[in-house]
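Structure below is entry-v1.txt: compact mmCIF, C-alpha atoms and all ligand atoms.
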```txt
# COMPACT_ATOMS: atom_id res chain seq x y z
CA MET A 526 275.64 101.30 180.17
CA SER A 527 278.26 104.03 180.47
CA ILE A 528 277.20 107.57 181.23
CA ASP A 529 278.45 108.77 177.84
CA ASP A 530 276.18 106.27 176.09
CA ARG A 531 273.26 108.09 177.68
CA SER A 532 274.01 111.48 176.23
CA PRO A 533 273.54 113.15 172.90
CA ALA A 534 276.73 114.37 171.32
CA ALA A 535 275.24 117.61 169.98
CA PRO A 536 276.62 120.65 171.78
CA LEU A 537 274.23 122.92 173.64
CA HIS A 538 274.47 126.65 174.27
CA VAL A 539 272.92 128.00 177.48
CA VAL A 540 271.89 131.64 177.11
CA ALA A 541 270.18 132.22 180.46
CA VAL A 542 269.61 130.70 183.91
CA ARG A 543 266.74 131.93 186.08
CA ALA A 544 265.37 131.01 189.51
CA HIS A 545 261.93 131.72 191.00
CA ARG A 546 260.87 131.19 194.62
CA HIS A 547 257.47 129.73 195.49
CA ARG A 548 255.62 128.40 198.51
CA SER A 549 252.80 125.88 198.59
CA PRO A 550 250.73 124.83 201.58
CA LEU A 551 250.36 121.08 202.14
CA LEU A 552 246.93 119.44 202.45
CA ARG A 553 248.10 117.80 205.70
CA PRO A 554 251.30 118.02 207.77
CA PHE A 555 254.26 115.88 206.68
CA VAL A 556 255.88 114.49 209.83
CA THR A 557 258.96 112.28 210.15
CA ALA A 558 261.36 111.45 212.99
CA ALA A 559 263.48 114.36 211.72
CA ARG A 560 261.00 117.15 210.91
CA ARG A 561 257.45 118.48 210.57
CA THR A 562 256.33 120.47 207.50
CA ASP A 563 253.02 122.30 206.92
CA SER A 564 253.99 124.17 203.76
CA VAL A 565 256.82 123.80 201.29
CA ALA A 566 259.08 126.60 200.15
CA PHE A 567 260.63 125.69 196.81
CA VAL A 568 262.61 127.14 193.96
CA VAL A 569 262.08 126.55 190.24
CA ALA A 570 265.25 126.71 188.13
CA GLU A 571 265.03 127.56 184.44
CA VAL A 572 267.63 126.95 181.74
CA GLU A 573 267.15 128.68 178.39
CA LEU A 574 269.05 127.42 175.33
CA ASP A 575 269.77 129.45 172.24
CA GLY A 576 266.75 129.13 170.00
CA GLY A 577 264.52 129.80 173.00
CA VAL A 578 263.94 126.28 174.38
CA VAL A 579 263.37 126.45 178.15
CA GLY A 580 263.71 123.59 180.66
CA GLN A 581 262.68 123.60 184.33
CA GLY A 582 263.80 121.82 187.46
CA SER A 583 262.82 122.29 191.10
CA ALA A 584 264.15 121.96 194.63
CA ALA A 585 262.40 122.27 197.97
CA GLU A 586 263.70 123.61 201.24
CA THR A 587 264.77 120.65 203.40
CA VAL A 588 267.05 122.19 206.00
CA ALA A 589 266.82 119.09 208.23
CA VAL A 590 267.97 116.81 205.40
CA THR A 591 270.26 118.62 202.94
CA GLY A 592 270.93 121.74 205.04
CA GLU A 593 269.46 123.93 202.28
CA SER A 594 266.76 126.58 202.71
CA ALA A 595 264.81 128.16 199.86
CA ALA A 596 267.01 131.22 200.34
CA THR A 597 270.28 129.30 199.98
CA ILE A 598 268.93 127.30 197.02
CA HIS A 599 267.93 130.56 195.32
CA GLU A 600 271.28 132.14 196.18
CA ALA A 601 273.23 129.18 194.77
CA LEU A 602 271.19 129.25 191.55
CA THR A 603 271.48 132.99 190.99
CA GLY A 604 275.13 132.92 192.15
CA PRO A 605 277.78 130.26 191.43
CA LEU A 606 275.51 127.72 189.70
CA GLY A 607 273.97 130.26 187.35
CA ALA A 608 277.40 131.72 186.62
CA ALA A 609 278.81 128.28 185.78
CA LEU A 610 276.15 127.65 183.14
CA THR A 611 275.17 131.05 181.71
CA GLY A 612 276.78 131.49 178.30
CA ALA A 613 278.35 128.01 178.45
CA ARG A 614 278.60 125.78 175.38
CA GLY A 615 279.21 122.03 175.51
CA THR A 616 277.71 118.57 175.42
CA LEU A 617 275.18 117.61 178.06
CA PRO A 618 277.80 115.74 180.17
CA GLU A 619 280.17 118.69 179.93
CA LEU A 620 277.51 121.15 181.08
CA ALA A 621 276.34 118.79 183.84
CA ALA A 622 279.94 118.58 185.07
CA ARG A 623 280.06 122.38 185.28
CA ILE A 624 277.05 122.28 187.63
CA ALA A 625 278.57 119.53 189.79
CA GLY A 626 281.87 121.41 190.11
CA ALA A 627 280.51 124.93 190.65
CA LEU A 628 280.44 124.81 194.45
CA PRO A 629 280.62 122.22 197.24
CA GLY A 630 277.38 120.73 198.59
CA ALA A 631 274.16 122.49 197.56
CA THR A 632 272.83 119.19 196.19
CA SER A 633 269.18 120.31 196.00
CA ALA A 634 270.07 123.49 194.11
CA LYS A 635 272.33 121.51 191.78
CA ALA A 636 269.57 118.96 191.18
CA ALA A 637 267.11 121.72 190.25
CA LEU A 638 269.52 123.18 187.71
CA ASP A 639 270.68 119.81 186.39
CA VAL A 640 267.08 118.69 185.84
CA ALA A 641 266.30 122.00 184.11
CA LEU A 642 269.32 121.45 181.84
CA HIS A 643 268.26 117.86 181.03
CA ASP A 644 264.65 118.98 180.44
CA ALA A 645 265.89 121.68 178.04
CA ALA A 646 268.25 119.28 176.23
CA ALA A 647 265.51 116.69 175.76
CA ARG A 648 263.01 119.37 174.63
CA ALA A 649 265.61 120.61 172.13
CA ALA A 650 266.07 117.04 170.87
CA GLU A 651 262.26 116.62 170.85
CA VAL A 652 262.39 113.39 172.88
CA PRO A 653 261.22 112.50 176.39
CA LEU A 654 264.00 112.66 178.99
CA VAL A 655 263.76 108.89 179.50
CA GLU A 656 264.82 108.39 175.86
CA LEU A 657 267.72 110.78 176.24
CA LEU A 658 268.84 108.54 179.13
CA GLY A 659 268.71 105.39 177.00
CA GLY A 660 265.29 104.08 178.06
CA SER A 661 261.85 104.22 176.53
CA THR A 662 258.52 105.59 177.68
CA GLY A 663 256.03 102.92 178.60
CA GLY A 664 255.28 100.52 181.38
CA GLU A 665 253.78 101.24 184.74
CA LEU A 666 255.32 101.84 188.12
CA LEU A 667 253.57 101.10 191.41
CA ASN A 668 253.67 104.19 193.61
CA ASP A 669 253.23 104.32 197.37
CA MET A 670 251.64 106.77 199.82
CA THR A 671 253.39 108.03 202.91
CA VAL A 672 251.69 108.03 206.30
CA SER A 673 253.21 110.69 208.56
CA LEU A 674 254.49 109.93 212.05
CA GLU A 675 251.48 110.81 214.24
CA GLU A 676 249.38 109.27 217.00
CA PRO A 677 248.32 105.70 216.10
CA GLU A 678 244.65 106.65 215.52
CA VAL A 679 245.63 109.48 213.14
CA MET A 680 247.93 107.15 211.20
CA ALA A 681 245.15 104.54 211.04
CA ARG A 682 242.75 107.12 209.57
CA ARG A 683 245.30 108.25 206.95
CA ALA A 684 246.03 104.63 206.03
CA ARG A 685 242.32 103.93 205.51
CA GLU A 686 241.91 107.05 203.34
CA ALA A 687 244.90 106.06 201.20
CA VAL A 688 243.67 102.54 200.61
CA ASP A 689 240.16 103.83 199.84
CA SER A 690 241.68 105.99 197.11
CA GLY A 691 243.41 103.01 195.48
CA GLU A 692 246.81 102.89 197.15
CA GLN A 693 248.37 99.44 197.58
CA ILE A 694 251.65 100.26 199.35
CA LEU A 695 251.94 102.53 202.39
CA LYS A 696 255.22 104.02 203.58
CA ILE A 697 254.93 104.30 207.34
CA LYS A 698 257.05 106.91 209.12
CA LEU A 699 258.37 105.64 212.47
CA GLY A 700 261.40 106.13 214.68
CA ARG A 701 260.62 108.97 217.08
CA ASP A 702 259.63 106.89 220.11
CA PRO A 703 260.44 103.21 219.54
CA GLU A 704 258.15 101.95 222.29
CA GLU A 705 255.11 103.33 220.43
CA ASP A 706 256.07 102.23 216.91
CA ARG A 707 254.52 98.77 217.20
CA ARG A 708 251.18 100.32 218.30
CA ARG A 709 251.29 102.56 215.22
CA LEU A 710 251.79 99.58 212.90
CA ASP A 711 249.04 97.56 214.54
CA ALA A 712 246.64 100.50 214.18
CA VAL A 713 247.53 100.96 210.50
CA LEU A 714 247.08 97.27 209.69
CA GLU A 715 243.78 97.08 211.53
CA ALA A 716 242.50 100.06 209.51
CA ALA A 717 243.95 98.92 206.19
CA PRO A 718 244.13 95.12 206.03
CA GLY A 719 245.71 93.73 202.86
CA VAL A 720 248.04 96.66 202.29
CA ARG A 721 251.82 96.21 201.86
CA LEU A 722 254.09 98.29 204.11
CA ARG A 723 257.40 100.07 203.75
CA LEU A 724 258.79 101.28 207.08
CA ASP A 725 260.98 104.38 207.38
CA ALA A 726 262.57 105.14 210.75
CA ASN A 727 264.60 108.10 209.36
CA GLN A 728 267.63 107.11 211.54
CA GLY A 729 265.46 107.06 214.67
CA TRP A 730 266.48 103.72 216.18
CA SER A 731 269.71 102.47 217.72
CA PRO A 732 270.96 99.19 216.15
CA GLU A 733 269.76 97.32 219.26
CA GLU A 734 266.30 98.91 219.13
CA ALA A 735 266.06 98.23 215.41
CA ILE A 736 266.95 94.56 215.85
CA ARG A 737 264.49 94.15 218.73
CA ILE A 738 261.62 95.88 216.92
CA LEU A 739 262.21 94.28 213.53
CA THR A 740 262.68 90.72 214.79
CA GLY A 741 259.35 91.15 216.61
CA LEU A 742 257.64 92.28 213.40
CA GLU A 743 259.19 89.39 211.49
CA ALA A 744 258.07 86.87 214.09
CA ASP A 745 254.49 88.11 213.63
CA ALA A 746 254.82 87.99 209.81
CA LEU A 747 253.63 91.56 209.25
CA PRO A 748 253.33 92.48 205.52
CA ILE A 749 256.53 94.55 205.40
CA ASP A 750 258.47 94.81 202.13
CA LEU A 751 261.44 96.87 203.35
CA VAL A 752 262.83 98.93 206.22
CA GLU A 753 264.38 102.27 205.37
CA GLN A 754 267.33 103.77 207.25
CA PRO A 755 266.64 102.25 210.69
CA VAL A 756 269.82 103.69 212.24
CA ALA A 757 272.04 106.77 211.95
CA ALA A 758 273.35 107.47 208.44
CA ALA A 759 276.99 107.47 209.55
CA ASP A 760 276.68 104.11 211.35
CA LEU A 761 277.37 101.67 208.49
CA ASP A 762 278.48 98.99 210.95
CA GLY A 763 275.19 99.39 212.83
CA LEU A 764 273.24 99.15 209.58
CA ALA A 765 275.19 96.00 208.64
CA GLN A 766 274.49 94.56 212.13
CA VAL A 767 270.76 95.14 211.67
CA ARG A 768 270.83 93.63 208.18
CA ALA A 769 272.67 90.53 209.48
CA ALA A 770 270.23 90.06 212.37
CA VAL A 771 266.90 90.43 210.56
CA GLY A 772 265.48 88.92 207.38
CA LEU A 773 263.52 92.01 206.30
CA PRO A 774 265.21 93.85 203.40
CA ILE A 775 267.16 96.88 204.66
CA MET A 776 267.25 100.06 202.57
CA ALA A 777 269.82 102.83 202.91
CA ASP A 778 268.49 106.37 202.39
CA GLU A 779 270.24 109.10 204.39
CA ALA A 780 273.44 106.97 204.11
CA VAL A 781 273.60 107.16 200.30
CA TRP A 782 274.18 110.47 198.51
CA THR A 783 276.80 109.44 195.94
CA ALA A 784 278.02 106.42 193.98
CA ALA A 785 280.99 106.31 196.37
CA ASP A 786 278.54 106.01 199.30
CA ALA A 787 276.79 103.20 197.43
CA ARG A 788 280.10 101.34 197.02
CA ARG A 789 280.85 101.72 200.75
CA LEU A 790 277.42 100.34 201.63
CA VAL A 791 277.93 97.39 199.28
CA ASP A 792 281.41 96.70 200.68
CA ALA A 793 280.09 96.86 204.27
CA GLY A 794 277.22 94.50 203.45
CA ALA A 795 274.99 97.16 204.99
CA ALA A 796 272.02 97.29 202.59
CA ASP A 797 269.78 95.21 200.37
CA LEU A 798 268.29 98.27 198.71
CA LEU A 799 269.29 101.87 198.01
CA ASN A 800 266.99 104.91 198.01
CA ILE A 801 268.09 107.40 195.36
CA LYS A 802 266.91 111.03 195.53
CA LEU A 803 267.98 113.73 193.09
CA ALA A 804 268.06 116.26 195.94
CA LYS A 805 270.84 114.17 197.53
CA THR A 806 272.79 113.27 194.38
CA GLY A 807 272.79 116.80 192.94
CA GLY A 808 271.53 115.62 189.57
CA VAL A 809 270.81 112.94 187.03
CA ARG A 810 274.28 111.52 186.42
CA GLU A 811 275.20 110.74 190.05
CA ALA A 812 271.74 109.20 190.52
CA LEU A 813 272.28 106.87 187.55
CA ALA A 814 275.82 106.13 188.79
CA ILE A 815 274.34 104.90 192.10
CA ALA A 816 271.94 102.68 190.15
CA ASP A 817 274.90 101.34 188.14
CA VAL A 818 276.73 100.42 191.38
CA ALA A 819 273.59 98.71 192.65
CA GLN A 820 273.12 96.80 189.41
CA GLU A 821 276.71 95.52 189.45
CA ALA A 822 276.34 94.42 193.07
CA GLY A 823 272.92 92.81 192.57
CA LEU A 824 271.07 95.38 194.68
CA THR A 825 267.74 97.00 193.84
CA CYS A 826 267.03 100.73 193.97
CA MET A 827 264.02 102.81 194.86
CA ILE A 828 263.80 106.38 193.66
CA GLY A 829 262.22 108.77 196.12
CA ALA A 830 262.18 112.50 196.68
CA MET A 831 261.95 115.14 199.35
CA MET A 832 258.54 116.77 199.91
CA GLU A 833 259.02 118.65 196.65
CA PRO A 834 256.98 119.70 193.65
CA ARG A 835 255.78 117.81 190.64
CA ILE A 836 258.71 118.91 188.46
CA SER A 837 261.19 117.05 190.72
CA ILE A 838 258.86 114.06 190.96
CA THR A 839 258.44 113.77 187.19
CA ALA A 840 262.22 113.85 186.73
CA ALA A 841 262.56 111.01 189.24
CA ALA A 842 259.89 108.99 187.40
CA HIS A 843 261.86 109.35 184.13
CA LEU A 844 264.96 107.98 185.88
CA ALA A 845 263.00 105.04 187.27
CA VAL A 846 261.78 104.09 183.81
CA ALA A 847 265.23 104.64 182.29
CA HIS A 848 267.31 102.44 184.61
CA PRO A 849 266.68 98.71 185.07
CA ALA A 850 268.04 98.67 188.65
CA ILE A 851 265.45 101.26 189.78
CA THR A 852 262.37 99.10 190.19
CA LEU A 853 260.63 100.80 193.14
CA ILE A 854 259.28 104.33 193.39
CA ASP A 855 258.28 106.45 196.38
CA LEU A 856 256.90 109.50 194.58
CA ASP A 857 253.76 110.65 196.38
CA PRO A 858 254.64 114.30 197.22
CA PRO A 859 252.37 115.88 194.53
CA ALA A 860 249.41 114.28 196.31
CA TRP A 861 250.29 116.40 199.36
CA PHE A 862 250.48 119.80 197.65
CA ALA A 863 247.48 122.15 197.85
CA SER A 864 248.60 124.53 195.07
CA PRO A 865 248.28 123.83 191.38
CA LEU A 866 251.52 122.58 189.86
CA PRO A 867 252.43 122.10 186.21
CA GLY A 868 250.25 119.58 184.41
CA GLY A 869 251.46 116.75 182.17
CA GLY A 870 254.48 114.57 182.86
CA TYR A 871 252.75 111.51 184.20
CA VAL A 872 249.38 110.21 185.26
CA GLN A 873 248.55 108.10 188.27
CA ASP A 874 245.53 105.80 188.30
CA GLY A 875 245.08 104.36 191.80
CA ALA A 876 248.64 103.35 192.69
CA ARG A 877 249.80 102.88 189.08
CA LEU A 878 251.92 105.66 187.59
CA ARG A 879 252.96 106.01 183.95
CA LEU A 880 254.81 108.63 181.98
CA LEU A 881 252.81 110.56 179.39
CA GLY A 882 255.67 111.16 176.96
CA GLY A 883 256.19 114.48 175.25
CA PRO A 884 259.53 116.27 174.95
CA GLY A 885 261.72 116.71 178.03
CA LEU A 886 259.90 115.93 181.26
CA GLY A 887 256.63 116.20 179.31
CA LEU A 888 255.41 118.92 181.70
CA ASP A 889 253.77 122.23 180.96
CA LEU A 890 256.16 125.01 182.02
CA LEU A 891 255.28 126.44 185.43
CA ASP A 892 254.43 130.11 185.11
CA PRO A 893 256.77 132.01 187.46
CA SER A 894 253.85 134.29 188.42
CA SER A 895 251.60 131.34 189.34
CA ASP A 896 252.67 131.33 192.97
CA PRO A 897 249.76 132.02 195.33
CA ASP A 898 252.17 133.96 197.54
CA GLY A 899 253.16 136.27 194.71
CA GLY A 900 255.79 134.62 192.55
CA GLU A 901 259.41 135.60 192.91
CA HIS A 902 260.30 136.74 196.42
MG MG B 1001 263.66 107.78 203.87
```

Represent the structure from my file as structure tokens, please.
Amino acid sequence: MSIDDRSPAAPLHVVAVRAHRHRSPLLRPFVTAARRTDSVAFVVAEVELDGGVVGQGSAAETVAVTGESAATIHEALTGPLGAALTGARGTLPELAARIAGALPGATSAKAALDVALHDAAARAAEVPLVELLGGSTGGELLNDMTVSLEEPEVMARRAREAVDSGEQILKIKLGRDPEEDRRRLDAVLEAAPGVRLRLDANQGWSPEEAIRILTGLEADALPIDLVEQPVAAADLDGLAQVRAAVGLPIMADEAVWTAADARRLVDAGAADLLNIKLAKTGGVREALAIADVAQEAGLTCMIGAMMEPRISITAAAHLAVAHPAITLIDLDPPAWFASPLPGGGYVQDGARLRLLGGPGLGLDLLDPSSDPDGGEH
């Protein structure tokens, strides 16, 4: 499917762009090989169309991943990104292209605005976003639950809690100290027998370490479905080496931000799977373009997210339902947030997630003054 086939031809007129800063504590710390987070600073972007329809998107501060803080996200939205869209008229692809071209980088801020634009366009058309993208609401997706990188006994306890609440797939964060990673996995599996595992080293291993660790796990037939970004993002040869040496499916995450990255990974034979995140792609179209590359090459995609609010997660779920190459989801962040977030969008029963329908993302609009820390700041 071409990108133009996914878009309504009717022109849109953006009358206002707004951005609100929020912060939400997490119920428990989120810890990876790259960072530790106890609360999430995020920004909600709003696009208002003539006629008064409002769409929302969101982006969280992930300095260690995208280089963006809540302050820079807010600054991009109220500066060049807002200026590129305020008062603009055009089709959805034309307006999305304005966002993409407004400034270099700033992919999280762009994603927030692009999702807000798509939410508004779909609300104006009175269809769910998934339908605007050429798919249809319906069907279930199997979500996972992340277990932070902690001491083995803490990870075991989290794994048990997750399985007790109906989770079937755990995403295990590893990669900080390779010698301990096997002990972590053994502790998790002892506490949660029968669960399926996704491993994420967040670039924490050298190719040699990855091959040694993963061949050991394979030899013991651990229930591992995939291994995410075992080595440094820039080391495509290393990733290809690992993929050639082990049978476990290898997923690129930090190495894939664009469709061009996806093509390089395919050409290098470096990945079986690609992890798409809107905060990396800068919006809906580049995310679908990655899935198109994967589909042509016979690869499968997962859609994940940063530790970001329910608005971002619902947008990702719409993309997963819309594109046939996106068959896996990693969308547990809302289960980590302590603060109330907009209702609607989707429901999750145990591990099974389904979209609720309704126009746009299907979410209630988040009240800018709902922030427990005082709204805009
Ligand atoms: Mg990852």

Counting only C-alpha atoms and all ligand atoms, name the residues that have an atom within 8 Å of an atom of ligand MG 1001 (chain B); the answer should be given as a list in words.
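Taking only C-alpha atoms and all ligand atoms into account, the residues around ligand MG 1001 (chain B) at most 8 Å away are Asp725, Ala726, Asn727, Glu753, Gln754, Ala777, Asp778, Glu779, Asn800 and Gly829 of chain A.
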
Here is a test: counting all atoms listed in the file, which residue of A:Met831, A:Val655, A:Leu667, A:Val539 is nearest to Thr611 (chain A)?
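Of the candidates, the smallest distance to Thr611 (chain A) is held by A:Val539.
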
A:His538, A:Lys696, A:Arg879, A:Arg835 ranked by distance to Leu642 (chain A), top pick (using only C-alpha atoms)
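Going through A:His538, A:Lys696, A:Arg879, A:Arg835 one by one, the smallest distance to Leu642 (chain A) is for A:His538.
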
Shortest interatomic distance to Ile815 (chain A) - which of A:Leu714, A:Leu799, A:Ala625, A:Met680, counting only C-alpha atoms:
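Ranked by minimum distance to Ile815 (chain A), first place goes to A:Leu799.
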
From the options A:Gly883, A:Gly772, A:Gly612, A:Pro893, which residue's atoms come nearest to Leu742 (chain A), counting all atoms listed in the file?
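Looking only at the distances to Leu742 (chain A), the closest residue turns out to be A:Gly772.
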
Extract, using all atoms listed in the file, all DNA, RNA and protein residues at most 10 Å from Glu686 (chain A), discarding same-chain residues fewer than 6 positions from it, and format them as number ranges by chain.
A: 680, 692, 716-717

What is the distance, in Å and to one decimal place, between CA of Leu628 (chain A) and CA of Ala814 (chain A)?
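Computing it gives 20.1 Å between the two atoms.
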
Please provide as a ChimeraX atom specification all residues within 10 Å of Val846 (chain A), with the sequence filter that same-chain residues fewer than 3 positions apart are discarded (counting all atoms listed in the file).
/A:655-656,658-666,841-843,849-854,879-880

Please provide as a list in words all residues within 8 Å of region 568-575 of chain A, with the sequence filter that same-chain residues fewer than 6 positions apart are discarded (counting all atoms listed in the file).
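Final neighbour list, sorted by chain and number: Leu537, His538, Val539, Val540, Ala541, Val542, Arg543, Ala544, His545, Arg546, His547, Gln581, Gly582, Ser583, Ala584, Ala585, Ala595, Ile598, His599, Leu602, Ala637, Leu638, Ala641, Leu642 and Ala645 of chain A.
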
Just to be explicit: take each residue in the selection above, keep C-alpha atoms, and write the result as a PDB file, keeping the file's coordinate frame.
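Final output, selection_9.pdb:
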```pdb
ATOM      1  CA  LEU A 537     274.230 122.920 173.640  1.00  0.00           C
ATOM      2  CA  HIS A 538     274.470 126.650 174.270  1.00  0.00           C
ATOM      3  CA  VAL A 539     272.920 128.000 177.480  1.00  0.00           C
ATOM      4  CA  VAL A 540     271.890 131.640 177.110  1.00  0.00           C
ATOM      5  CA  ALA A 541     270.180 132.220 180.460  1.00  0.00           C
ATOM      6  CA  VAL A 542     269.610 130.700 183.910  1.00  0.00           C
ATOM      7  CA  ARG A 543     266.740 131.930 186.080  1.00  0.00           C
ATOM      8  CA  ALA A 544     265.370 131.010 189.510  1.00  0.00           C
ATOM      9  CA  HIS A 545     261.930 131.720 191.000  1.00  0.00           C
ATOM     10  CA  ARG A 546     260.870 131.190 194.620  1.00  0.00           C
ATOM     11  CA  HIS A 547     257.470 129.730 195.490  1.00  0.00           C
ATOM     12  CA  GLN A 581     262.680 123.600 184.330  1.00  0.00           C
ATOM     13  CA  GLY A 582     263.800 121.820 187.460  1.00  0.00           C
ATOM     14  CA  SER A 583     262.820 122.290 191.100  1.00  0.00           C
ATOM     15  CA  ALA A 584     264.150 121.960 194.630  1.00  0.00           C
ATOM     16  CA  ALA A 585     262.400 122.270 197.970  1.00  0.00           C
ATOM     17  CA  ALA A 595     264.810 128.160 199.860  1.00  0.00           C
ATOM     18  CA  ILE A 598     268.930 127.300 197.020  1.00  0.00           C
ATOM     19  CA  HIS A 599     267.930 130.560 195.320  1.00  0.00           C
ATOM     20  CA  LEU A 602     271.190 129.250 191.550  1.00  0.00           C
ATOM     21  CA  ALA A 637     267.110 121.720 190.250  1.00  0.00           C
ATOM     22  CA  LEU A 638     269.520 123.180 187.710  1.00  0.00           C
ATOM     23  CA  ALA A 641     266.300 122.000 184.110  1.00  0.00           C
ATOM     24  CA  LEU A 642     269.320 121.450 181.840  1.00  0.00           C
ATOM     25  CA  ALA A 645     265.890 121.680 178.040  1.00  0.00           C
TER      26      ALA A 645
END
```

List as a ChimeraX atom specification: which residues have an atom within 9 Å of (265.8, 116.6, 208.4), counting all atoms listed in the file?
/A:557-561,587-592,727

Residues near region 550-553 of chain A, cut-off 8 Å, all atoms listed in the file, skip fewer than 6 positions along chain, as JSON, numbers by chain:
{"A": [563, 564, 565, 861, 862, 863, 864]}

Restricting the calculation to all atoms listed in the file, which member of A:Val640, A:Leu761, A:Ala627, A:Leu790 is positioned closest to Pro605 (chain A)?
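Between A:Val640, A:Leu761, A:Ala627, A:Leu790, the residue approaching Pro605 (chain A) most closely is A:Ala627.
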
Using only C-alpha atoms, the shortest atom-to-atom distance to Ala758 (chain A) among A:Ala780, A:Ala735, A:Ala650, A:Ala744 belongs to A:Ala780

Give the centre and edge lengths of an axis-aligned box, in Å to one decimal, that holds all listed atoms of region 866-882 of chain A with 4 Å on each side, as AutoDock Vina command-line options.
```
--center_x 250.4 --center_y 112.7 --center_z 184.8 --size_x 18.6 --size_y 27.7 --size_z 23.7
```

Tell me, in Å to one decimal, how far CA of Arg648 (chain A) is from CA of Phe567 (chain A).
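About the pair CA of Arg648 (chain A) and CA of Phe567 (chain A): they are 23.2 Å apart.
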